[in-house]
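J.: query-v6.txt is reproduced below (compact mmCIF, N, CA and C atoms).
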# COMPACT_ATOMS: atom_id res chain seq x y z
N MET R 1 123.82 -20.51 24.15
CA MET R 1 123.61 -19.48 25.14
C MET R 1 122.58 -19.99 26.15
N PRO R 2 122.87 -19.91 27.42
CA PRO R 2 121.90 -20.35 28.43
C PRO R 2 120.58 -19.59 28.30
N GLU R 3 119.49 -20.25 28.74
CA GLU R 3 118.15 -19.69 28.58
C GLU R 3 118.00 -18.29 29.15
N THR R 4 118.53 -18.06 30.35
CA THR R 4 118.37 -16.75 30.98
C THR R 4 119.09 -15.67 30.19
N GLU R 5 120.26 -15.98 29.69
CA GLU R 5 121.01 -14.99 28.91
C GLU R 5 120.30 -14.69 27.59
N TYR R 6 119.78 -15.73 26.94
CA TYR R 6 119.04 -15.53 25.70
C TYR R 6 117.79 -14.68 25.96
N ALA R 7 117.10 -14.99 27.05
CA ALA R 7 115.91 -14.21 27.42
C ALA R 7 116.29 -12.74 27.63
N LYS R 8 117.38 -12.49 28.30
CA LYS R 8 117.81 -11.11 28.55
C LYS R 8 118.16 -10.39 27.23
N THR R 9 118.73 -11.12 26.29
CA THR R 9 119.03 -10.53 24.97
C THR R 9 117.73 -10.14 24.26
N LEU R 10 116.76 -11.04 24.29
CA LEU R 10 115.45 -10.75 23.68
C LEU R 10 114.77 -9.57 24.37
N LEU R 11 114.89 -9.51 25.68
CA LEU R 11 114.27 -8.41 26.43
C LEU R 11 114.94 -7.08 26.11
N ALA R 12 116.25 -7.10 25.89
CA ALA R 12 116.94 -5.86 25.50
C ALA R 12 116.42 -5.37 24.16
N MET R 13 116.16 -6.29 23.25
CA MET R 13 115.60 -5.91 21.95
C MET R 13 114.15 -5.44 22.09
N ALA R 14 113.39 -6.11 22.94
CA ALA R 14 112.00 -5.69 23.20
C ALA R 14 111.98 -4.29 23.80
N ARG R 15 112.92 -4.01 24.66
CA ARG R 15 113.01 -2.69 25.31
C ARG R 15 113.25 -1.61 24.26
N LYS R 16 114.02 -1.90 23.22
CA LYS R 16 114.26 -0.92 22.15
C LYS R 16 112.97 -0.60 21.41
N ASP R 17 112.19 -1.64 21.11
CA ASP R 17 110.90 -1.40 20.46
C ASP R 17 109.96 -0.64 21.38
N PHE R 18 109.98 -0.98 22.67
CA PHE R 18 109.16 -0.26 23.63
C PHE R 18 109.57 1.21 23.71
N ASP R 19 110.86 1.49 23.71
CA ASP R 19 111.33 2.87 23.75
C ASP R 19 110.87 3.64 22.51
N ALA R 20 110.84 2.96 21.37
CA ALA R 20 110.31 3.59 20.15
C ALA R 20 108.84 3.95 20.34
N LEU R 21 108.08 3.05 20.96
CA LEU R 21 106.66 3.33 21.26
C LEU R 21 106.53 4.59 22.07
N ARG R 22 107.31 4.67 23.13
CA ARG R 22 107.24 5.83 24.02
C ARG R 22 107.50 7.12 23.24
N GLY R 23 108.41 7.07 22.29
CA GLY R 23 108.71 8.25 21.48
C GLY R 23 107.62 8.62 20.50
N MET R 24 106.72 7.67 20.23
CA MET R 24 105.65 7.91 19.25
C MET R 24 104.32 8.25 19.89
N VAL R 25 104.21 8.15 21.20
CA VAL R 25 102.91 8.31 21.87
C VAL R 25 102.23 9.62 21.47
N GLY R 26 102.89 10.73 21.59
CA GLY R 26 102.26 12.01 21.29
C GLY R 26 102.73 12.61 19.98
N ASN R 27 103.31 11.80 19.12
CA ASN R 27 103.89 12.32 17.90
C ASN R 27 103.12 11.84 16.68
N PRO R 28 102.29 12.70 16.08
CA PRO R 28 101.49 12.31 14.93
C PRO R 28 102.31 12.09 13.66
N LEU R 29 103.59 12.37 13.71
CA LEU R 29 104.46 12.14 12.56
C LEU R 29 104.51 10.65 12.20
N PHE R 30 104.33 9.79 13.21
CA PHE R 30 104.40 8.35 13.00
C PHE R 30 103.00 7.78 12.80
N ALA R 31 102.81 7.06 11.71
CA ALA R 31 101.52 6.43 11.41
C ALA R 31 101.21 5.35 12.44
N ASP R 32 99.92 5.07 12.62
CA ASP R 32 99.50 4.02 13.54
C ASP R 32 100.10 2.67 13.15
N GLU R 33 100.28 2.43 11.86
CA GLU R 33 100.87 1.16 11.43
C GLU R 33 102.30 1.00 11.95
N ILE R 34 103.03 2.10 11.99
CA ILE R 34 104.41 2.05 12.49
C ILE R 34 104.40 1.87 14.00
N PHE R 35 103.53 2.59 14.67
CA PHE R 35 103.38 2.43 16.12
C PHE R 35 102.98 1.00 16.44
N GLY R 36 101.98 0.49 15.72
CA GLY R 36 101.51 -0.87 15.95
C GLY R 36 102.57 -1.92 15.68
N PHE R 37 103.41 -1.68 14.67
CA PHE R 37 104.50 -2.61 14.39
C PHE R 37 105.45 -2.71 15.57
N HIS R 38 105.83 -1.57 16.13
CA HIS R 38 106.76 -1.60 17.26
C HIS R 38 106.10 -2.19 18.51
N ALA R 39 104.81 -1.99 18.66
CA ALA R 39 104.09 -2.63 19.77
C ALA R 39 104.13 -4.14 19.57
N GLN R 40 103.82 -4.59 18.36
CA GLN R 40 103.84 -6.03 18.07
C GLN R 40 105.23 -6.61 18.31
N GLN R 41 106.25 -5.91 17.88
CA GLN R 41 107.61 -6.41 18.04
C GLN R 41 108.01 -6.50 19.51
N ALA R 42 107.65 -5.51 20.30
CA ALA R 42 107.95 -5.55 21.73
C ALA R 42 107.21 -6.70 22.40
N ILE R 43 105.96 -6.93 22.00
CA ILE R 43 105.18 -8.04 22.55
C ILE R 43 105.81 -9.37 22.13
N GLU R 44 106.09 -9.51 20.86
CA GLU R 44 106.67 -10.76 20.34
C GLU R 44 107.98 -11.11 21.04
N LYS R 45 108.88 -10.16 21.14
CA LYS R 45 110.18 -10.42 21.76
C LYS R 45 110.04 -10.70 23.25
N SER R 46 109.08 -10.06 23.91
CA SER R 46 108.83 -10.34 25.32
C SER R 46 108.31 -11.76 25.50
N LEU R 47 107.38 -12.18 24.64
CA LEU R 47 106.85 -13.54 24.72
C LEU R 47 107.94 -14.58 24.45
N LYS R 48 108.78 -14.30 23.47
CA LYS R 48 109.87 -15.23 23.17
C LYS R 48 110.86 -15.30 24.34
N ALA R 49 111.11 -14.17 24.99
CA ALA R 49 111.97 -14.18 26.18
C ALA R 49 111.34 -15.03 27.27
N TRP R 50 110.04 -14.90 27.45
CA TRP R 50 109.32 -15.67 28.46
C TRP R 50 109.44 -17.16 28.15
N LEU R 51 109.29 -17.51 26.89
CA LEU R 51 109.45 -18.91 26.49
C LEU R 51 110.88 -19.39 26.75
N ALA R 52 111.85 -18.55 26.45
CA ALA R 52 113.25 -18.92 26.69
C ALA R 52 113.48 -19.18 28.17
N LEU R 53 112.85 -18.39 29.03
CA LEU R 53 112.99 -18.61 30.47
C LEU R 53 112.43 -19.97 30.91
N HIS R 54 111.48 -20.47 30.14
CA HIS R 54 110.91 -21.80 30.40
C HIS R 54 111.64 -22.89 29.62
N ALA R 55 112.74 -22.50 28.97
CA ALA R 55 113.54 -23.44 28.16
C ALA R 55 112.71 -24.09 27.05
N VAL R 56 111.80 -23.31 26.48
CA VAL R 56 110.96 -23.79 25.39
C VAL R 56 111.53 -23.29 24.07
N GLU R 57 111.79 -24.22 23.17
CA GLU R 57 112.20 -23.81 21.83
C GLU R 57 110.95 -23.35 21.09
N PHE R 58 111.03 -22.18 20.52
CA PHE R 58 109.86 -21.63 19.83
C PHE R 58 110.16 -21.52 18.34
N PRO R 59 109.11 -21.59 17.54
CA PRO R 59 109.30 -21.50 16.09
C PRO R 59 109.63 -20.06 15.67
N HIS R 60 110.21 -19.96 14.49
CA HIS R 60 110.46 -18.64 13.91
C HIS R 60 109.10 -18.14 13.40
N THR R 61 108.45 -17.33 14.22
CA THR R 61 107.11 -16.87 13.89
C THR R 61 106.88 -15.49 14.47
N HIS R 62 105.96 -14.76 13.84
CA HIS R 62 105.52 -13.48 14.38
C HIS R 62 104.13 -13.62 15.01
N ASP R 63 103.59 -14.84 14.99
CA ASP R 63 102.23 -15.11 15.44
C ASP R 63 102.15 -15.11 16.97
N LEU R 64 101.61 -14.04 17.51
CA LEU R 64 101.52 -13.89 18.97
C LEU R 64 100.65 -14.97 19.60
N SER R 65 99.58 -15.36 18.92
CA SER R 65 98.70 -16.39 19.49
C SER R 65 99.43 -17.72 19.60
N ARG R 66 100.28 -18.01 18.67
CA ARG R 66 101.06 -19.26 18.71
C ARG R 66 102.04 -19.24 19.89
N LEU R 67 102.69 -18.10 20.09
CA LEU R 67 103.63 -17.96 21.20
C LEU R 67 102.90 -18.05 22.54
N MET R 68 101.73 -17.42 22.61
CA MET R 68 100.95 -17.47 23.84
C MET R 68 100.45 -18.88 24.14
N ALA R 69 100.09 -19.61 23.10
CA ALA R 69 99.65 -21.00 23.28
C ALA R 69 100.78 -21.85 23.85
N LEU R 70 101.99 -21.61 23.39
CA LEU R 70 103.14 -22.34 23.94
C LEU R 70 103.34 -22.02 25.42
N LEU R 71 103.14 -20.77 25.78
CA LEU R 71 103.26 -20.39 27.19
C LEU R 71 102.17 -21.04 28.03
N GLU R 72 100.97 -21.12 27.49
CA GLU R 72 99.89 -21.80 28.20
C GLU R 72 100.23 -23.27 28.42
N GLU R 73 100.84 -23.90 27.39
CA GLU R 73 101.20 -25.32 27.48
C GLU R 73 102.21 -25.60 28.59
N VAL R 74 103.08 -24.63 28.87
CA VAL R 74 104.08 -24.85 29.93
C VAL R 74 103.60 -24.35 31.28
N GLY R 75 102.34 -23.94 31.33
CA GLY R 75 101.75 -23.56 32.61
C GLY R 75 101.98 -22.14 33.05
N ALA R 76 102.33 -21.27 32.14
CA ALA R 76 102.51 -19.85 32.47
C ALA R 76 101.13 -19.19 32.56
N GLN R 77 100.48 -19.36 33.70
CA GLN R 77 99.11 -18.88 33.86
C GLN R 77 98.99 -17.37 33.73
N GLU R 78 100.05 -16.65 34.04
CA GLU R 78 100.02 -15.19 33.95
C GLU R 78 99.75 -14.72 32.52
N ILE R 79 99.96 -15.60 31.54
CA ILE R 79 99.76 -15.23 30.14
C ILE R 79 98.32 -14.82 29.87
N ASN R 80 97.38 -15.34 30.66
CA ASN R 80 95.97 -15.01 30.46
C ASN R 80 95.72 -13.50 30.54
N THR R 81 96.52 -12.81 31.31
CA THR R 81 96.39 -11.36 31.44
C THR R 81 96.69 -10.65 30.13
N TYR R 82 97.46 -11.29 29.27
CA TYR R 82 97.95 -10.63 28.06
C TYR R 82 97.35 -11.17 26.76
N LEU R 83 96.39 -12.07 26.86
CA LEU R 83 95.83 -12.69 25.67
C LEU R 83 95.24 -11.67 24.69
N HIS R 84 94.72 -10.57 25.20
CA HIS R 84 94.12 -9.56 24.33
C HIS R 84 95.16 -8.91 23.40
N LEU R 85 96.43 -9.02 23.74
CA LEU R 85 97.47 -8.41 22.91
C LEU R 85 97.66 -9.12 21.57
N VAL R 86 96.99 -10.26 21.41
CA VAL R 86 97.06 -10.98 20.15
C VAL R 86 96.52 -10.12 19.00
N GLU R 87 95.73 -9.11 19.32
CA GLU R 87 95.19 -8.22 18.28
C GLU R 87 96.31 -7.51 17.51
N PHE R 88 97.51 -7.50 18.05
CA PHE R 88 98.62 -6.84 17.37
C PHE R 88 99.28 -7.72 16.32
N ASN R 89 98.76 -8.93 16.12
CA ASN R 89 99.27 -9.81 15.06
C ASN R 89 99.26 -9.11 13.71
N MET R 90 98.21 -8.36 13.46
CA MET R 90 98.07 -7.74 12.13
C MET R 90 99.20 -6.76 11.83
N PHE R 91 99.89 -6.28 12.85
CA PHE R 91 100.96 -5.32 12.63
C PHE R 91 102.30 -5.97 12.33
N ALA R 92 102.38 -7.28 12.48
CA ALA R 92 103.65 -7.97 12.24
C ALA R 92 104.07 -7.82 10.78
N VAL R 93 103.14 -8.01 9.89
CA VAL R 93 103.45 -7.91 8.46
C VAL R 93 102.34 -7.20 7.71
N GLN R 94 101.13 -7.67 7.90
CA GLN R 94 99.99 -7.24 7.10
C GLN R 94 99.78 -5.74 7.08
N ALA R 95 99.72 -5.10 8.23
CA ALA R 95 99.41 -3.67 8.29
C ALA R 95 100.52 -2.81 7.70
N ARG R 96 101.71 -3.36 7.59
CA ARG R 96 102.81 -2.57 7.02
C ARG R 96 102.80 -2.59 5.49
N TYR R 97 102.09 -3.57 4.90
CA TYR R 97 102.12 -3.72 3.46
C TYR R 97 100.78 -3.59 2.77
N GLU R 98 99.71 -3.41 3.55
CA GLU R 98 98.38 -3.29 2.96
C GLU R 98 97.75 -1.97 3.39
N ALA R 99 97.43 -1.15 2.43
CA ALA R 99 96.79 0.13 2.73
C ALA R 99 95.34 -0.10 3.11
N GLY R 100 94.84 0.73 4.01
CA GLY R 100 93.43 0.71 4.36
C GLY R 100 93.02 -0.30 5.41
N LEU R 101 93.97 -0.95 6.06
CA LEU R 101 93.61 -1.92 7.10
C LEU R 101 93.12 -1.25 8.37
N LEU R 102 93.60 -0.05 8.62
CA LEU R 102 93.18 0.67 9.82
C LEU R 102 92.20 1.75 9.43
N ASP R 103 91.13 1.83 10.19
CA ASP R 103 90.13 2.85 9.98
C ASP R 103 90.68 4.18 10.50
N ASP R 104 90.78 5.18 9.63
CA ASP R 104 91.34 6.47 10.01
C ASP R 104 90.59 7.12 11.18
N GLU R 105 89.33 6.80 11.32
CA GLU R 105 88.54 7.40 12.40
C GLU R 105 88.81 6.74 13.75
N GLN R 106 89.42 5.59 13.74
CA GLN R 106 89.68 4.88 14.99
C GLN R 106 91.19 4.77 15.21
N ALA R 107 91.78 5.87 15.59
CA ALA R 107 93.21 5.88 15.86
C ALA R 107 93.52 5.00 17.06
N LEU R 108 94.70 4.44 17.05
CA LEU R 108 95.13 3.62 18.17
C LEU R 108 95.24 4.46 19.43
N ASP R 109 94.87 3.87 20.55
CA ASP R 109 95.00 4.53 21.85
C ASP R 109 96.43 4.31 22.33
N ARG R 110 97.32 5.14 21.87
CA ARG R 110 98.74 4.95 22.11
C ARG R 110 99.14 4.92 23.58
N PRO R 111 98.61 5.82 24.42
CA PRO R 111 99.00 5.74 25.83
C PRO R 111 98.60 4.42 26.49
N THR R 112 97.39 3.93 26.19
CA THR R 112 96.94 2.67 26.77
C THR R 112 97.76 1.50 26.26
N ILE R 113 98.01 1.47 24.97
CA ILE R 113 98.80 0.40 24.38
C ILE R 113 100.21 0.39 24.96
N THR R 114 100.80 1.56 25.08
CA THR R 114 102.14 1.66 25.64
C THR R 114 102.17 1.12 27.06
N SER R 115 101.16 1.45 27.83
CA SER R 115 101.07 0.96 29.21
C SER R 115 100.94 -0.56 29.25
N GLU R 116 100.11 -1.13 28.38
CA GLU R 116 99.91 -2.57 28.34
C GLU R 116 101.18 -3.31 27.93
N VAL R 117 101.88 -2.77 26.95
CA VAL R 117 103.14 -3.38 26.50
C VAL R 117 104.18 -3.28 27.62
N GLN R 118 104.21 -2.15 28.30
CA GLN R 118 105.14 -1.98 29.40
C GLN R 118 104.87 -3.00 30.51
N THR R 119 103.62 -3.24 30.81
CA THR R 119 103.27 -4.21 31.85
C THR R 119 103.78 -5.59 31.49
N LEU R 120 103.59 -6.01 30.24
CA LEU R 120 104.10 -7.30 29.78
C LEU R 120 105.62 -7.34 29.89
N LEU R 121 106.26 -6.32 29.38
CA LEU R 121 107.72 -6.26 29.39
C LEU R 121 108.27 -6.34 30.82
N LEU R 122 107.68 -5.59 31.73
CA LEU R 122 108.12 -5.62 33.12
C LEU R 122 107.88 -6.98 33.78
N THR R 123 106.78 -7.62 33.44
CA THR R 123 106.49 -8.94 33.96
C THR R 123 107.60 -9.91 33.58
N VAL R 124 107.97 -9.90 32.30
CA VAL R 124 108.99 -10.85 31.83
C VAL R 124 110.37 -10.46 32.36
N GLU R 125 110.64 -9.17 32.42
CA GLU R 125 111.93 -8.73 33.00
C GLU R 125 112.05 -9.20 34.45
N ASN R 126 110.97 -9.09 35.22
CA ASN R 126 110.99 -9.54 36.61
C ASN R 126 111.20 -11.05 36.70
N LEU R 127 110.59 -11.80 35.78
CA LEU R 127 110.81 -13.24 35.76
C LEU R 127 112.27 -13.57 35.46
N ALA R 128 112.86 -12.80 34.55
CA ALA R 128 114.27 -13.03 34.19
C ALA R 128 115.19 -12.72 35.36
N LEU R 129 114.85 -11.69 36.12
CA LEU R 129 115.67 -11.32 37.27
C LEU R 129 115.56 -12.33 38.40
N SER R 130 114.37 -12.90 38.57
CA SER R 130 114.16 -13.86 39.65
C SER R 130 114.61 -15.27 39.29
N GLY R 131 114.80 -15.49 37.97
CA GLY R 131 115.18 -16.84 37.54
C GLY R 131 116.61 -16.97 37.42
Would you write out, as C-alpha cells, the structure that this file holds?
T.:
Amino acid sequence: MPETEYAKTLLAMARKDFDALRGMVGNPLFADEIFGFHAQQAIEKSLKAWLALHAVEFPHTHDLSRLMALLEEVGAQEINTYLHLVEFNMFAVQARYEAGLLDDEQALDRPTITSEVQTLLLTVENLALSG
C-alpha cells in the first residue's frame, strides 16, 4: 500500500479513537484509564501515520517517545509541539492492567487533552492531504 494510503488508513483509525474521547469528555461513566487509553491510541496512530507520510518504517510499538524520536530523525520539526504527549505512554498498557496508577484526586483534564489530541490529528491529516 502506498505511504499516503497507509497514512490515511491509520488516520481513520486514529479518528475513531478521537471520537471515543469526545464521547467521554463529560461522561463520568468512563474511567480515566479508559479515556487515557483512547487518547494514547489516537496519538500513537497519528504518529504512525506521520511516519508513513515520511516513508519511514516504524517498529511495532506503543512507545510514543520512540515514534517521536523517529519523526525527529527525519526532520519533522513540528513534532516538538507534541513532545509533551509522551506522558500518555502509561495508558498504552500499564494503566489498563495496574490498579492505583492514577491519583483519584487528580482527574485527567479531558477537555484539554481532547483539544491537544485533536490538534495533533488535524496536523497529520493536513499533511496527508497536502502530500
J.: From a DSSP calculation on the backbone, collect every residue of segment 14-65 of chain R in helix (DSSP H, G or I) and output the set as a PyMOL selection string.
T.: chain R and resi 14-24+32-53+64-65
J.: With N, CA and C atoms retained, export the selected residues as a tab-separated table (two decimals), in the frame of the given file.
T.:
chain	number	residue	atom	x	y	z
R	14	ALA	N	113.39	-6.11	22.94
R	14	ALA	CA	112.00	-5.69	23.20
R	14	ALA	C	111.98	-4.29	23.80
R	15	ARG	N	112.92	-4.01	24.66
R	15	ARG	CA	113.01	-2.69	25.31
R	15	ARG	C	113.25	-1.61	24.26
R	16	LYS	N	114.02	-1.90	23.22
R	16	LYS	CA	114.26	-0.92	22.15
R	16	LYS	C	112.97	-0.60	21.41
R	17	ASP	N	112.19	-1.64	21.11
R	17	ASP	CA	110.90	-1.40	20.46
R	17	ASP	C	109.96	-0.64	21.38
R	18	PHE	N	109.98	-0.98	22.67
R	18	PHE	CA	109.16	-0.26	23.63
R	18	PHE	C	109.57	1.21	23.71
R	19	ASP	N	110.86	1.49	23.71
R	19	ASP	CA	111.33	2.87	23.75
R	19	ASP	C	110.87	3.64	22.51
R	20	ALA	N	110.84	2.96	21.37
R	20	ALA	CA	110.31	3.59	20.15
R	20	ALA	C	108.84	3.95	20.34
R	21	LEU	N	108.08	3.05	20.96
R	21	LEU	CA	106.66	3.33	21.26
R	21	LEU	C	106.53	4.59	22.07
R	22	ARG	N	107.31	4.67	23.13
R	22	ARG	CA	107.24	5.83	24.02
R	22	ARG	C	107.50	7.12	23.24
R	23	GLY	N	108.41	7.07	22.29
R	23	GLY	CA	108.71	8.25	21.48
R	23	GLY	C	107.62	8.62	20.50
R	24	MET	N	106.72	7.67	20.23
R	24	MET	CA	105.65	7.91	19.25
R	24	MET	C	104.32	8.25	19.89
R	32	ASP	N	99.92	5.07	12.62
R	32	ASP	CA	99.50	4.02	13.54
R	32	ASP	C	100.10	2.67	13.15
R	33	GLU	N	100.28	2.43	11.86
R	33	GLU	CA	100.87	1.16	11.43
R	33	GLU	C	102.30	1.00	11.95
R	34	ILE	N	103.03	2.10	11.99
R	34	ILE	CA	104.41	2.05	12.49
R	34	ILE	C	104.40	1.87	14.00
R	35	PHE	N	103.53	2.59	14.67
R	35	PHE	CA	103.38	2.43	16.12
R	35	PHE	C	102.98	1.00	16.44
R	36	GLY	N	101.98	0.49	15.72
R	36	GLY	CA	101.51	-0.87	15.95
R	36	GLY	C	102.57	-1.92	15.68
R	37	PHE	N	103.41	-1.68	14.67
R	37	PHE	CA	104.50	-2.61	14.39
R	37	PHE	C	105.45	-2.71	15.57
R	38	HIS	N	105.83	-1.57	16.13
R	38	HIS	CA	106.76	-1.60	17.26
R	38	HIS	C	106.10	-2.19	18.51
R	39	ALA	N	104.81	-1.99	18.66
R	39	ALA	CA	104.09	-2.63	19.77
R	39	ALA	C	104.13	-4.14	19.57
R	40	GLN	N	103.82	-4.59	18.36
R	40	GLN	CA	103.84	-6.03	18.07
R	40	GLN	C	105.23	-6.61	18.31
R	41	GLN	N	106.25	-5.91	17.88
R	41	GLN	CA	107.61	-6.41	18.04
R	41	GLN	C	108.01	-6.50	19.51
R	42	ALA	N	107.65	-5.51	20.30
R	42	ALA	CA	107.95	-5.55	21.73
R	42	ALA	C	107.21	-6.70	22.40
R	43	ILE	N	105.96	-6.93	22.00
R	43	ILE	CA	105.18	-8.04	22.55
R	43	ILE	C	105.81	-9.37	22.13
R	44	GLU	N	106.09	-9.51	20.86
R	44	GLU	CA	106.67	-10.76	20.34
R	44	GLU	C	107.98	-11.11	21.04
R	45	LYS	N	108.88	-10.16	21.14
R	45	LYS	CA	110.18	-10.42	21.76
R	45	LYS	C	110.04	-10.70	23.25
R	46	SER	N	109.08	-10.06	23.91
R	46	SER	CA	108.83	-10.34	25.32
R	46	SER	C	108.31	-11.76	25.50
R	47	LEU	N	107.38	-12.18	24.64
R	47	LEU	CA	106.85	-13.54	24.72
R	47	LEU	C	107.94	-14.58	24.45
R	48	LYS	N	108.78	-14.30	23.47
R	48	LYS	CA	109.87	-15.23	23.17
R	48	LYS	C	110.86	-15.30	24.34
R	49	ALA	N	111.11	-14.17	24.99
R	49	ALA	CA	111.97	-14.18	26.18
R	49	ALA	C	111.34	-15.03	27.27
R	50	TRP	N	110.04	-14.90	27.45
R	50	TRP	CA	109.32	-15.67	28.46
R	50	TRP	C	109.44	-17.16	28.15
R	51	LEU	N	109.29	-17.51	26.89
R	51	LEU	CA	109.45	-18.91	26.49
R	51	LEU	C	110.88	-19.39	26.75
R	52	ALA	N	111.85	-18.55	26.45
R	52	ALA	CA	113.25	-18.92	26.69
R	52	ALA	C	113.48	-19.18	28.17
R	53	LEU	N	112.85	-18.39	29.03
R	53	LEU	CA	112.99	-18.61	30.47
R	53	LEU	C	112.43	-19.97	30.91
R	64	LEU	N	101.61	-14.04	17.51
R	64	LEU	CA	101.52	-13.89	18.97
R	64	LEU	C	100.65	-14.97	19.60
R	65	SER	N	99.58	-15.36	18.92
R	65	SER	CA	98.70	-16.39	19.49
R	65	SER	C	99.43	-17.72	19.60
J.: What is the distance between atom C of Val124 of chain R and atom N of Phe37 of chain R, in Å to one decimal?
T.: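 Result for atom C of Val124 of chain R versus atom N of Phe37 of chain R: 20.9 Å, one decimal.
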J.: For segment 12-14 of chain R, work out the shell of residues within 10 Å, counting only C-alpha atoms and skipping chain neighbours fewer than 5 positions away, then give it as a list of chain:residue names.
T.: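 The neighbour list is R:Tyr6, R:Ala7, R:Asp19, R:Ala20, R:His38, R:Ala39, R:Gln40, R:Gln41, R:Ala42, R:Ile43, R:Glu44, R:Lys45, R:Ser46, R:Leu47, R:Lys48, R:Ala49, R:Val117, R:Gln118, R:Leu121, R:Glu125.
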J.: Would you pick out the contacts of Pro111 of chain R at 8 Å or less, using all atoms listed in the file, so that residues sharing its chain but fewer than 5 positions from it are not included, and give the list as a PyMOL selection string?
T.: chain R and resi 24-26+116-117
J.: One decimal, in Å: what's the spacing between atom C of Ala92 of chain R and atom CA of Ala128 of chain R?
T.: 26.1 Å
J.: For Leu71 of chain R, which of R:Ala52, R:Leu11, R:Leu21, R:Met90 is the closest residue, counting only C-alpha atoms?
T.: R:Ala52
J.: Give me, please, the distance in Å between atom C of Ile79 of chain R and atom C of Leu122 of chain R, quoted to one decimal.
T.: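 Atom-to-atom, atom C of Ile79 of chain R to atom C of Leu122 of chain R, that is 13.0 Å.
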J.: Please output segment 75-80 of chain R, rebuilt to include all heavy atoms, as a PDB file, keeping the file's coordinate frame.
T.:
ATOM      1  N   GLY R  75     102.340 -23.940  31.330  1.00  0.00           N
ATOM      2  CA  GLY R  75     101.750 -23.560  32.610  1.00  0.00           C
ATOM      3  C   GLY R  75     101.980 -22.140  33.050  1.00  0.00           C
ATOM      4  O   GLY R  75     101.833 -21.824  34.229  1.00  0.00           O
ATOM      5  N   ALA R  76     102.330 -21.270  32.140  1.00  0.00           N
ATOM      6  CA  ALA R  76     102.510 -19.850  32.470  1.00  0.00           C
ATOM      7  C   ALA R  76     101.130 -19.190  32.560  1.00  0.00           C
ATOM      8  O   ALA R  76     100.664 -18.561  31.620  1.00  0.00           O
ATOM      9  CB  ALA R  76     103.380 -19.153  31.433  1.00  0.00           C
ATOM     10  N   GLN R  77     100.480 -19.360  33.700  1.00  0.00           N
ATOM     11  CA  GLN R  77      99.110 -18.880  33.860  1.00  0.00           C
ATOM     12  C   GLN R  77      98.990 -17.370  33.730  1.00  0.00           C
ATOM     13  O   GLN R  77      97.940 -16.863  33.357  1.00  0.00           O
ATOM     14  CB  GLN R  77      98.557 -19.352  35.194  1.00  0.00           C
ATOM     15  CG  GLN R  77      98.396 -20.850  35.261  1.00  0.00           C
ATOM     16  CD  GLN R  77      97.870 -21.314  36.601  1.00  0.00           C
ATOM     17  OE1 GLN R  77      97.706 -20.534  37.523  1.00  0.00           O
ATOM     18  NE2 GLN R  77      97.589 -22.594  36.705  1.00  0.00           N
ATOM     19  N   GLU R  78     100.050 -16.650  34.040  1.00  0.00           N
ATOM     20  CA  GLU R  78     100.020 -15.190  33.950  1.00  0.00           C
ATOM     21  C   GLU R  78      99.750 -14.720  32.520  1.00  0.00           C
ATOM     22  O   GLU R  78      99.347 -13.583  32.300  1.00  0.00           O
ATOM     23  CB  GLU R  78     101.340 -14.578  34.423  1.00  0.00           C
ATOM     24  CG  GLU R  78     101.745 -14.981  35.824  1.00  0.00           C
ATOM     25  CD  GLU R  78     102.678 -16.199  35.835  1.00  0.00           C
ATOM     26  OE1 GLU R  78     102.697 -16.991  34.870  1.00  0.00           O
ATOM     27  OE2 GLU R  78     103.390 -16.351  36.825  1.00  0.00           O
ATOM     28  N   ILE R  79      99.960 -15.600  31.540  1.00  0.00           N
ATOM     29  CA  ILE R  79      99.760 -15.230  30.140  1.00  0.00           C
ATOM     30  C   ILE R  79      98.320 -14.820  29.870  1.00  0.00           C
ATOM     31  O   ILE R  79      98.042 -14.010  28.985  1.00  0.00           O
ATOM     32  CB  ILE R  79     100.226 -16.343  29.170  1.00  0.00           C
ATOM     33  CG1 ILE R  79     100.332 -15.817  27.731  1.00  0.00           C
ATOM     34  CG2 ILE R  79      99.326 -17.546  29.231  1.00  0.00           C
ATOM     35  CD1 ILE R  79     101.301 -14.699  27.539  1.00  0.00           C
ATOM     36  N   ASN R  80      97.380 -15.340  30.660  1.00  0.00           N
ATOM     37  CA  ASN R  80      95.970 -15.010  30.460  1.00  0.00           C
ATOM     38  C   ASN R  80      95.720 -13.500  30.540  1.00  0.00           C
ATOM     39  O   ASN R  80      94.831 -12.979  29.871  1.00  0.00           O
ATOM     40  CB  ASN R  80      95.097 -15.740  31.474  1.00  0.00           C
ATOM     41  CG  ASN R  80      95.084 -17.226  31.226  1.00  0.00           C
ATOM     42  OD1 ASN R  80      95.255 -17.682  30.095  1.00  0.00           O
ATOM     43  ND2 ASN R  80      94.906 -17.999  32.271  1.00  0.00           N
TER      44      ASN R  80
END
